[in-house]
$ cat protein-v5.cif   # mmCIF, C-alpha atoms
data_my_file
#
loop_
_atom_site.label_atom_id
_atom_site.label_comp_id
_atom_site.auth_asym_id
_atom_site.auth_seq_id
_atom_site.Cartn_x
_atom_site.Cartn_y
_atom_site.Cartn_z
CA MET A 1 0.00 0.00 0.00
CA ALA A 2 1.49 3.32 -1.00
CA GLU A 3 1.70 6.25 1.35
CA THR A 4 -0.69 9.13 0.67
CA ARG A 5 1.31 12.36 0.74
CA THR A 6 0.39 15.98 0.26
CA GLY A 7 3.48 18.01 -0.58
CA GLY A 8 6.06 17.48 2.16
CA THR A 9 3.58 16.58 4.88
CA ARG A 10 3.33 13.26 6.67
CA PRO A 11 1.18 10.64 4.91
CA ARG A 12 -2.43 10.90 6.03
CA ASN A 13 -2.69 7.11 6.23
CA ARG A 14 0.41 6.48 8.33
CA ARG A 15 -1.57 4.87 11.15
CA GLU A 16 -3.12 2.48 8.62
CA LEU A 17 0.32 1.72 7.18
CA ILE A 18 1.67 0.98 10.65
CA THR A 19 -1.13 -1.44 11.54
CA ALA A 20 -0.86 -3.19 8.16
CA ALA A 21 2.89 -3.67 8.59
CA ALA A 22 2.50 -4.87 12.18
CA SER A 23 -0.21 -7.32 11.18
CA ARG A 24 1.95 -8.82 8.46
CA LEU A 25 5.06 -9.08 10.63
CA PHE A 26 3.26 -10.50 13.67
CA HIS A 27 1.61 -13.08 11.42
CA GLU A 28 4.82 -14.07 9.63
CA ARG A 29 7.34 -14.00 12.50
CA GLY A 30 5.34 -14.00 15.73
CA TYR A 31 4.89 -11.16 18.19
CA THR A 32 8.00 -11.88 20.26
CA ARG A 33 10.26 -11.92 17.18
CA VAL A 34 9.11 -8.49 15.98
CA SER A 35 10.38 -5.23 17.44
CA VAL A 36 8.98 -1.73 17.21
CA SER A 37 12.02 -0.89 15.08
CA ASP A 38 11.12 -3.70 12.67
CA ILE A 39 7.63 -2.28 12.21
CA ALA A 40 8.90 1.27 11.86
CA GLU A 41 11.45 0.16 9.26
CA ALA A 42 8.74 -1.63 7.28
CA VAL A 43 6.78 1.62 7.10
CA GLY A 44 9.85 3.74 6.39
CA VAL A 45 9.72 5.84 9.56
CA GLY A 46 11.67 6.06 12.80
CA PRO A 47 10.41 4.40 16.01
CA SER A 48 9.53 7.81 17.45
CA ALA A 49 7.04 8.36 14.63
CA LEU A 50 5.38 5.04 15.45
CA TYR A 51 5.10 5.95 19.13
CA ARG A 52 3.13 9.06 18.16
CA HIS A 53 0.36 6.70 17.08
CA PHE A 54 0.73 3.80 19.53
CA ALA A 55 2.03 3.78 23.10
CA GLY A 56 3.81 0.47 22.61
CA LYS A 57 3.86 -2.89 20.86
CA GLN A 58 1.08 -4.37 22.98
CA ARG A 59 -1.27 -1.51 22.15
CA LEU A 60 -0.44 -2.01 18.50
CA LEU A 61 -1.18 -5.75 18.71
CA ARG A 62 -4.56 -5.03 20.32
CA ARG A 63 -5.42 -2.57 17.57
CA VAL A 64 -4.37 -5.00 14.85
CA VAL A 65 -6.57 -7.83 16.15
CA LEU A 66 -9.57 -5.53 16.59
CA ASP A 67 -9.09 -4.14 13.09
CA HIS A 68 -9.38 -7.70 11.75
CA LEU A 69 -12.40 -8.60 13.92
CA HIS A 70 -14.53 -5.51 13.35
CA PRO A 71 -15.18 -6.09 9.63
CA PHE A 72 -16.74 -9.48 10.44
CA GLU A 73 -18.90 -7.80 13.07
CA ARG A 74 -20.03 -5.15 10.59
CA VAL A 75 -21.04 -7.75 8.00
CA LEU A 76 -23.00 -9.78 10.54
CA SER A 77 -24.68 -6.80 12.22
CA ALA A 78 -26.14 -5.49 8.93
CA ARG A 79 -29.21 -7.72 9.52
CA SER A 80 -29.67 -8.34 5.82
CA ASP A 81 -32.44 -10.68 4.72
CA ASP A 82 -30.32 -11.62 1.71
CA LEU A 83 -28.40 -14.59 3.14
CA ASP A 84 -26.47 -15.13 -0.07
CA ALA A 85 -25.22 -11.55 0.08
CA VAL A 86 -24.10 -12.02 3.69
CA VAL A 87 -22.24 -15.20 2.76
CA ARG A 88 -20.54 -13.42 -0.14
CA GLU A 89 -19.45 -10.61 2.18
CA LEU A 90 -18.15 -13.06 4.77
CA ALA A 91 -16.04 -14.91 2.21
CA ALA A 92 -14.54 -11.66 0.92
CA THR A 93 -13.90 -10.43 4.47
CA ALA A 94 -12.17 -13.69 5.40
CA LEU A 95 -9.67 -13.22 2.56
CA ASP A 96 -9.25 -9.48 3.16
CA HIS A 97 -8.38 -10.29 6.79
CA ARG A 98 -6.59 -13.58 6.29
CA GLU A 99 -4.17 -12.94 9.15
CA LEU A 100 -6.88 -12.94 11.84
CA GLY A 101 -6.76 -16.62 12.83
CA VAL A 102 -3.07 -16.66 13.70
CA LEU A 103 -3.15 -13.22 15.32
CA TRP A 104 -6.03 -14.17 17.57
CA GLN A 105 -5.13 -17.75 18.41
CA ARG A 106 -1.33 -17.43 18.58
CA GLU A 107 -0.43 -13.83 19.36
CA ALA A 108 -3.24 -12.34 21.46
CA ARG A 109 -1.95 -14.22 24.50
CA HIS A 110 0.78 -11.56 24.73
CA LEU A 111 -1.82 -8.95 25.73
CA PRO A 112 -2.72 -8.13 29.35
CA GLU A 113 -5.64 -10.13 30.73
CA GLY A 114 -8.07 -7.22 30.55
CA GLU A 115 -7.36 -6.59 26.89
CA ARG A 116 -7.62 -10.29 26.08
CA ALA A 117 -11.02 -10.27 27.77
CA GLU A 118 -12.06 -7.35 25.58
CA LEU A 119 -11.04 -9.27 22.47
CA LYS A 120 -12.88 -12.36 23.66
CA ASP A 121 -16.03 -10.27 24.03
CA GLN A 122 -15.65 -9.05 20.45
CA LEU A 123 -15.06 -12.60 19.28
CA ARG A 124 -18.23 -13.79 21.01
CA VAL A 125 -20.16 -11.09 19.17
CA VAL A 126 -18.83 -12.39 15.86
CA ALA A 127 -19.50 -16.03 16.79
CA GLY A 128 -22.99 -15.05 17.91
CA GLY A 129 -23.63 -13.39 14.56
CA LEU A 130 -22.44 -16.52 12.77
CA ALA A 131 -24.76 -18.61 14.97
CA GLU A 132 -27.66 -16.38 13.90
CA LEU A 133 -26.66 -16.93 10.29
CA ALA A 134 -26.80 -20.69 10.87
CA ARG A 135 -30.27 -20.38 12.44
CA ALA A 136 -31.46 -18.23 9.55
CA SER A 137 -30.32 -20.93 7.13
CA ARG A 138 -31.71 -23.80 9.24
CA PRO A 139 -34.56 -22.62 11.52
CA ASP A 140 -34.86 -26.16 12.91
CA LEU A 141 -31.52 -25.90 14.75
CA SER A 142 -31.47 -25.80 18.52
CA GLU A 143 -29.81 -22.83 20.15
CA GLU A 144 -26.90 -25.01 21.26
CA ASP A 145 -26.42 -26.46 17.77
CA ALA A 146 -26.49 -22.95 16.26
CA ARG A 147 -23.83 -21.74 18.73
CA PHE A 148 -21.64 -24.71 17.90
CA ARG A 149 -21.96 -23.99 14.18
CA GLY A 150 -21.12 -20.35 14.80
CA TRP A 151 -17.75 -21.40 16.20
CA CYS A 152 -17.30 -23.92 13.37
CA LEU A 153 -17.93 -21.14 10.86
CA PHE A 154 -15.40 -18.89 12.53
CA SER A 155 -12.78 -21.67 12.47
CA ALA A 156 -13.41 -22.46 8.82
CA LEU A 157 -13.39 -18.81 7.70
CA THR A 158 -10.13 -18.08 9.53
CA SER A 159 -8.43 -21.35 8.53
CA PRO A 160 -6.61 -19.73 5.55
CA SER A 161 -4.59 -17.85 8.16
CA TYR A 162 -2.68 -21.06 8.96
CA HIS A 163 -1.44 -21.90 5.47
CA SER A 164 -0.12 -20.17 2.37
CA THR A 165 -2.18 -22.03 -0.25
CA GLU A 166 -3.24 -19.62 -2.98
CA LEU A 167 -6.16 -19.72 -5.38
CA PRO A 168 -7.39 -17.07 -7.81
CA ARG A 169 -9.31 -14.57 -5.69
CA GLY A 170 -12.70 -15.27 -7.27
CA GLN A 171 -12.25 -19.04 -6.97
CA PHE A 172 -11.16 -18.73 -3.34
CA GLU A 173 -14.20 -16.63 -2.45
CA VAL A 174 -16.55 -19.14 -4.11
CA LEU A 175 -14.89 -21.98 -2.18
CA LEU A 176 -15.30 -20.19 1.14
CA ARG A 177 -18.93 -19.45 0.36
CA ASP A 178 -19.44 -23.16 -0.29
CA VAL A 179 -17.72 -23.94 3.03
CA VAL A 180 -20.16 -21.66 4.86
CA ARG A 181 -23.14 -23.22 3.08
CA THR A 182 -21.88 -26.71 3.91
CA ILE A 183 -21.71 -25.95 7.64
CA THR A 184 -25.00 -24.07 7.82
CA GLY A 185 -26.83 -26.60 5.66
CA LEU A 186 -26.09 -29.72 7.71
CA PRO A 187 -29.08 -31.36 9.42
CA PRO A 188 -29.25 -31.13 13.23
CA LEU A 189 -26.07 -32.52 14.74
CA VAL A 190 -25.53 -34.97 17.58
CA SER A 191 -26.86 -33.47 20.78
CA GLY A 192 -25.26 -33.43 24.21
CA ARG A 193 -21.91 -32.17 25.40
CA ARG A 194 -18.64 -33.97 25.87
CA ARG A 195 -17.92 -34.66 29.51
CA GLY A 196 -15.46 -32.20 30.93
CA VAL A 197 -12.38 -34.32 31.53
CA PRO A 198 -8.77 -33.15 31.81
CA ASP A 199 -6.55 -33.80 28.83
CA ALA A 200 -4.08 -36.68 28.82
CA ASP A 201 -1.10 -34.73 30.15
CA THR A 202 -3.06 -33.33 33.08
CA LEU A 203 -4.38 -36.79 33.94
CA LEU A 204 -0.87 -38.25 33.85
CA LEU A 205 0.35 -35.65 36.33
CA GLN A 206 -2.64 -36.22 38.60
CA ARG A 207 -2.26 -39.98 38.67
CA GLY A 208 1.52 -40.17 38.95
CA GLY A 209 3.53 -43.31 38.39
CA ALA A 210 5.15 -42.15 35.17
CA SER A 211 8.87 -41.73 34.66
CA ARG A 212 10.37 -38.37 35.59
CA ARG A 213 11.04 -37.59 31.95
CA ARG A 214 7.44 -38.28 30.97
CA GLN A 215 6.21 -36.19 33.89
CA LEU A 216 8.35 -33.27 32.75
CA LEU A 217 7.04 -33.55 29.20
CA SER A 218 3.47 -33.50 30.47
CA ALA A 219 4.11 -30.61 32.86
CA ALA A 220 5.81 -28.59 30.14
CA THR A 221 2.98 -29.27 27.69
CA ARG A 222 0.36 -28.05 30.15
CA LEU A 223 2.26 -24.95 31.28
CA PHE A 224 3.38 -23.90 27.79
CA ALA A 225 -0.20 -24.34 26.53
CA GLU A 226 -1.76 -22.38 29.38
CA ARG A 227 0.68 -19.47 29.62
CA GLY A 228 2.89 -19.53 26.53
CA TYR A 229 6.46 -20.69 26.17
CA ASP A 230 8.07 -17.35 27.03
CA ALA A 231 6.17 -16.98 30.31
CA VAL A 232 7.21 -20.37 31.75
CA THR A 233 10.53 -21.09 33.50
CA THR A 234 12.29 -24.39 34.02
CA GLU A 235 11.88 -23.80 37.76
CA GLU A 236 8.11 -23.80 37.34
CA ILE A 237 8.20 -26.94 35.21
CA GLY A 238 10.33 -28.71 37.80
CA ALA A 239 8.03 -27.62 40.62
CA GLU A 240 5.10 -29.26 38.84
CA VAL A 241 6.74 -32.65 39.28
CA GLY A 242 8.40 -32.00 42.63
CA ILE A 243 12.00 -31.28 41.62
CA SER A 244 14.14 -28.16 41.50
CA GLY A 245 14.69 -26.16 38.32
CA PRO A 246 18.34 -27.24 37.90
CA SER A 247 17.28 -30.88 38.18
CA VAL A 248 15.28 -30.47 34.96
CA TYR A 249 18.63 -30.28 33.15
CA ASN A 250 19.36 -33.87 34.15
CA HIS A 251 16.72 -34.82 31.60
CA PHE A 252 16.72 -31.97 29.05
CA ALA A 253 19.58 -29.67 28.12
CA SER A 254 17.36 -26.58 27.77
CA LYS A 255 13.80 -25.32 27.75
CA GLN A 256 13.97 -25.34 23.95
CA GLU A 257 14.93 -29.01 23.96
CA LEU A 258 11.98 -29.72 26.22
CA LEU A 259 9.61 -27.95 23.80
CA ALA A 260 11.17 -29.83 20.86
CA ALA A 261 10.64 -33.15 22.67
CA VAL A 262 6.97 -32.32 23.27
CA ILE A 263 6.43 -31.41 19.60
CA THR A 264 8.32 -34.49 18.39
CA ARG A 265 6.35 -36.80 20.67
CA GLY A 266 2.95 -35.60 19.45
CA SER A 267 3.96 -35.45 15.81
CA ALA A 268 5.34 -38.99 15.99
CA TRP A 269 2.00 -40.28 17.27
CA LEU A 270 0.18 -38.64 14.36
CA GLU A 271 2.64 -40.07 11.84
CA ILE A 272 2.36 -43.58 13.28
CA ASP A 273 -1.43 -43.36 13.30
CA LEU A 274 -1.38 -42.14 9.70
CA GLY A 275 0.72 -45.08 8.54
CA ARG A 276 -1.38 -47.61 10.46
CA THR A 277 -4.60 -46.19 9.02
CA LEU A 278 -3.33 -46.27 5.43
CA VAL A 279 -2.38 -49.95 5.85
CA ARG A 280 -5.62 -50.97 7.54
CA GLU A 281 -7.98 -49.04 5.26
CA PRO A 282 -7.12 -49.55 1.58
CA ASP A 283 -10.30 -47.73 0.51
CA PRO A 284 -9.40 -43.99 0.38
CA GLN A 285 -12.77 -42.78 1.67
CA GLU A 286 -12.72 -45.15 4.62
CA ALA A 287 -9.10 -44.22 5.30
CA LEU A 288 -9.92 -40.49 5.30
CA ARG A 289 -12.89 -41.00 7.61
CA ALA A 290 -10.76 -43.09 9.98
CA LEU A 291 -8.02 -40.47 9.98
CA LEU A 292 -10.54 -37.73 10.71
CA TRP A 293 -11.96 -39.62 13.67
CA SER A 294 -8.56 -40.49 15.14
CA TYR A 295 -7.31 -36.93 14.71
CA ILE A 296 -10.38 -35.45 16.41
CA THR A 297 -10.18 -37.81 19.38
CA PHE A 298 -6.42 -37.27 19.66
CA ALA A 299 -6.85 -33.48 19.54
CA LEU A 300 -9.59 -33.49 22.17
CA ASP A 301 -7.48 -35.69 24.46
CA HIS A 302 -4.29 -33.68 23.86
CA GLY A 303 -5.44 -30.09 23.65
CA GLY A 304 -2.18 -28.88 25.17
CA PHE A 305 -0.10 -30.44 22.41
CA ILE A 306 -2.40 -28.95 19.75
CA GLU A 307 -1.94 -25.54 21.38
CA LEU A 308 1.84 -25.89 21.12
CA LEU A 309 1.73 -27.24 17.58
CA VAL A 310 -0.28 -24.20 16.47
CA GLY A 311 1.27 -21.51 18.60
CA GLU A 312 4.72 -22.33 19.90
CA VAL A 313 6.69 -24.04 17.10
CA GLY A 314 8.24 -20.65 16.29
CA HIS A 315 10.26 -20.86 19.52
CA LEU A 316 12.23 -23.86 18.33
CA PRO A 317 15.76 -23.47 16.90
CA ASP A 318 15.77 -22.93 13.15
CA HIS A 319 16.51 -26.53 12.16
CA GLU A 320 13.96 -27.94 14.63
CA ARG A 321 11.34 -25.43 13.50
CA HIS A 322 11.91 -26.31 9.86
CA ARG A 323 11.64 -30.02 10.61
CA ALA A 324 8.43 -29.60 12.65
CA ARG A 325 6.75 -27.54 9.95
CA GLN A 326 7.89 -29.90 7.21
CA THR A 327 6.39 -32.79 9.18
CA GLN A 328 3.10 -30.89 9.44
CA ARG A 329 3.06 -30.16 5.70
CA GLU A 330 3.75 -33.81 4.82
CA TYR A 331 1.00 -34.96 7.19
CA VAL A 332 -1.52 -32.60 5.57
CA SER A 333 -0.34 -33.70 2.11
CA GLU A 334 -1.33 -37.29 2.88
CA TRP A 335 -4.87 -36.12 3.67
CA VAL A 336 -4.91 -34.06 0.47
CA SER A 337 -3.86 -37.08 -1.59
CA LEU A 338 -6.63 -39.20 -0.09
CA LEU A 339 -9.22 -36.51 -0.68
CA ARG A 340 -8.20 -36.15 -4.32
CA GLU A 341 -8.50 -39.92 -4.80
CA ILE A 342 -12.06 -39.65 -3.52
CA ARG A 343 -12.84 -36.43 -5.39
CA PRO A 344 -10.63 -36.30 -8.49
CA GLU A 345 -12.43 -33.16 -9.68
CA LEU A 346 -10.62 -31.15 -6.98
CA ASP A 347 -7.30 -29.52 -7.81
CA ALA A 348 -4.53 -29.80 -5.22
CA ALA A 349 -4.97 -26.26 -3.88
CA THR A 350 -8.72 -26.61 -3.39
CA ALA A 351 -8.31 -29.97 -1.66
CA ARG A 352 -5.67 -28.49 0.64
CA VAL A 353 -7.93 -25.58 1.61
CA LEU A 354 -10.70 -28.03 2.56
CA VAL A 355 -8.34 -30.26 4.55
CA GLN A 356 -6.85 -27.27 6.36
CA ALA A 357 -10.35 -25.99 7.21
CA THR A 358 -11.20 -29.39 8.69
CA LEU A 359 -8.01 -29.64 10.76
CA THR A 360 -8.33 -26.04 11.96
CA LEU A 361 -11.87 -26.80 13.08
CA ALA A 362 -10.69 -29.81 15.08
CA ASN A 363 -7.78 -27.84 16.54
CA ASP A 364 -9.96 -24.94 17.62
CA MET A 365 -12.51 -27.20 19.25
CA ALA A 366 -9.74 -28.98 21.15
CA ARG A 367 -7.97 -25.81 22.27
CA THR A 368 -11.00 -23.78 23.33
CA GLY A 369 -13.28 -26.52 24.63
CA THR A 370 -16.09 -25.21 22.39
CA VAL A 371 -17.29 -28.67 21.47
CA ARG A 372 -20.42 -30.70 21.99
CA THR A 373 -19.30 -34.20 21.09
CA PRO A 374 -16.47 -35.62 18.98
CA GLU A 375 -19.15 -37.01 16.66
CA ALA A 376 -20.51 -33.51 15.95
CA VAL A 377 -17.01 -32.34 15.00
CA ARG A 378 -16.60 -35.42 12.80
CA GLN A 379 -19.87 -34.72 10.98
CA VAL A 380 -18.83 -31.16 10.19
CA GLY A 381 -15.30 -32.17 9.16
CA ALA A 382 -16.48 -34.98 6.89
CA ALA A 383 -19.00 -32.69 5.22
CA LEU A 384 -16.35 -30.01 4.64
CA MET A 385 -14.05 -32.39 2.81
CA LEU A 386 -16.49 -34.71 1.07
CA THR A 387 -19.45 -32.51 0.10
CA THR A 388 -18.28 -28.90 -0.19
CA GLY A 389 -18.83 -27.68 -3.73
CA THR A 390 -20.71 -30.79 -4.90
#

$ encode --input "protein-v5.cif" --output "structure tokens"
Amino acid sequence: MAETRTGGTRPRNRRELITAAASRLFHERGYTRVSVSDIAEAVGVGPSALYRHFAGKQRLLRRVVLDHLHPFERVLSARSDDLDAVVRELAATALDHRELGVLWQREARHLPEGERAELKDQLRVVAGGLAELARASRPDLSEEDARFRGWCLFSALTSPSYHSTELPRGQFEVLLRDVVRTITGLPPLVSGRRRGVPDADTLLLQRGGASRRRQLLSAATRLFAERGYDAVTTEEIGAEVGISGPSVYNHFASKQELLAAVITRGSAWLEIDLGRTLVREPDPQEALRALLWSYITFALDHGGFIELLVGEVGHLPDHERHRARQTQREYVSEWVSLLREIRPELDAATARVLVQATLTLANDMARTGTVRTPEAVRQVGAALMLTTGT
């Protein structure tokens, strides 16, 4: 975006340029890896000029997330009776604000609690508007089912934030519209809520009996997921399992190595499950359905690991980070290949967008606890991949 200048005066849209640059950098590198100087340099100004608009990096992050949320709120608050027009606007808004998913889910944790609460309130407004859209499309839905679909819609619309797959703009908008119609058009979903049980790592710590190394992995997973990698010390991890901070180094050379071990452990399980499923289910549709079910149940049981996989991989050393992300890409590629065997009319990019929407949905349900039953998540995920656009 070019600066708007009048003679030798400052550009009138400098504040907009600053937020756009910050949004891009936070999305690409992560909040902790971006400095005020980095943002100022991207805009072509000095840090002092940036501080005239924002008191600090946290205030800038808050503004960036709100700037991405508000357009969704405006579309949904228009109260239009033309549902197709609303869906078209939502699809366009999702692509115009493609960075929102990562900024909200990964970076907003760096804000003070009060500001995070403000953002959560705004997010609930958007999810509520999406729930109303679902009810308008299917008046037979219960209030609980509509709320669940509202969160599913938000996950699906923000899923492009987590990958770099590109489609021609018009084609991408049509695909996202079809995704919305798929979710809103499903018949009433399985009722009832999943029992509130701790995830696997919390249960392991509660029950004891595991090796010290396994206890440390579970403690680190829980603490990193709850508070973020930067906010947790080795002393706190050790205290969770009844040892001193220095004693942690008898098992792991550094906090980074501990994070890498957590990521490697979870990724290895997914890879093993993938291979086992492909051997057991030679039919591609049955294999994809089995993978979807196992991934959903794994994610719901290991919400802490999913949180780290989505939000904390950037803290790994370069070679570990590259390996973790390559493993994720290869895992998704196996799903894409299966989907294209089932639906050969899909090109690779379209199939990847649908797979990523499905996995993002499962991840969000696992991380936020906004889930009724695993079966309801499975129904939505299967419909996204197997029926969208048909």

$ residues_around --input "protein-v5.cif" --residues "Arg212 (chain A)" --least-positions-apart "3" --cutoff "12 Å" --atoms "all atoms listed in the file" --output "PyMOL selection string"
chain A and resi 204-205+208-209+215-219+237-238+240-243+247-252

$ residues_around --input "protein-v5.cif" --residues "region 256-267 of chain A" --least-positions-apart "2" --cutoff "10 Å" --atoms "all atoms listed in the file" --output "PyMOL selection string"
chain A and resi 213-214+216-218+220-221+224+229+234+248-249+251-254+269-273+298+302+304-306+308-309+312-313+315-317+320-321+323-324+327-328+331

$ closest_residue --input "protein-v5.cif" --among "A:Leu223, A:Leu274, A:Leu338, A:Ala134" --to "Pro187 (chain A)" --atoms "only C-alpha atoms"
A:Ala134

$ residues_around --input "protein-v5.cif" --residues "Glu73 (chain A)" --least-positions-apart "2" --cutoff "8 Å" --atoms "only C-alpha atoms" --output "ChimeraX atom specification"
/A:69-71,75-77,125-126,129

$ residues_around --input "protein-v5.cif" --residues "Gly150 (chain A)" --least-positions-apart "2" --cutoff "6 Å" --atoms "all atoms listed in the file" --output "list in words"
Ala127, Leu130, Ala131, Arg147, Phe148, Cys152 and Leu153 of chain A

$ atom_distance --input "protein-v5.cif" --atom1 "CA of Thr350 (chain A)" --atom2 "CA of Gln326 (chain A)"
20.0 Å

$ residues_around --input "protein-v5.cif" --residues "Pro160 (chain A)" --least-positions-apart "4" --cutoff "12 Å" --atoms "only C-alpha atoms" --output "count of residues only"
34

$ atom_distance --input "protein-v5.cif" --atom1 "CA of Leu291 (chain A)" --atom2 "CA of Trp335 (chain A)"
8.3 Å

$ closest_residue --input "protein-v5.cif" --among "A:Val64, A:Arg124, A:Thr368, A:Val179" --to "Ser159 (chain A)" --atoms "all atoms listed in the file"
A:Val179
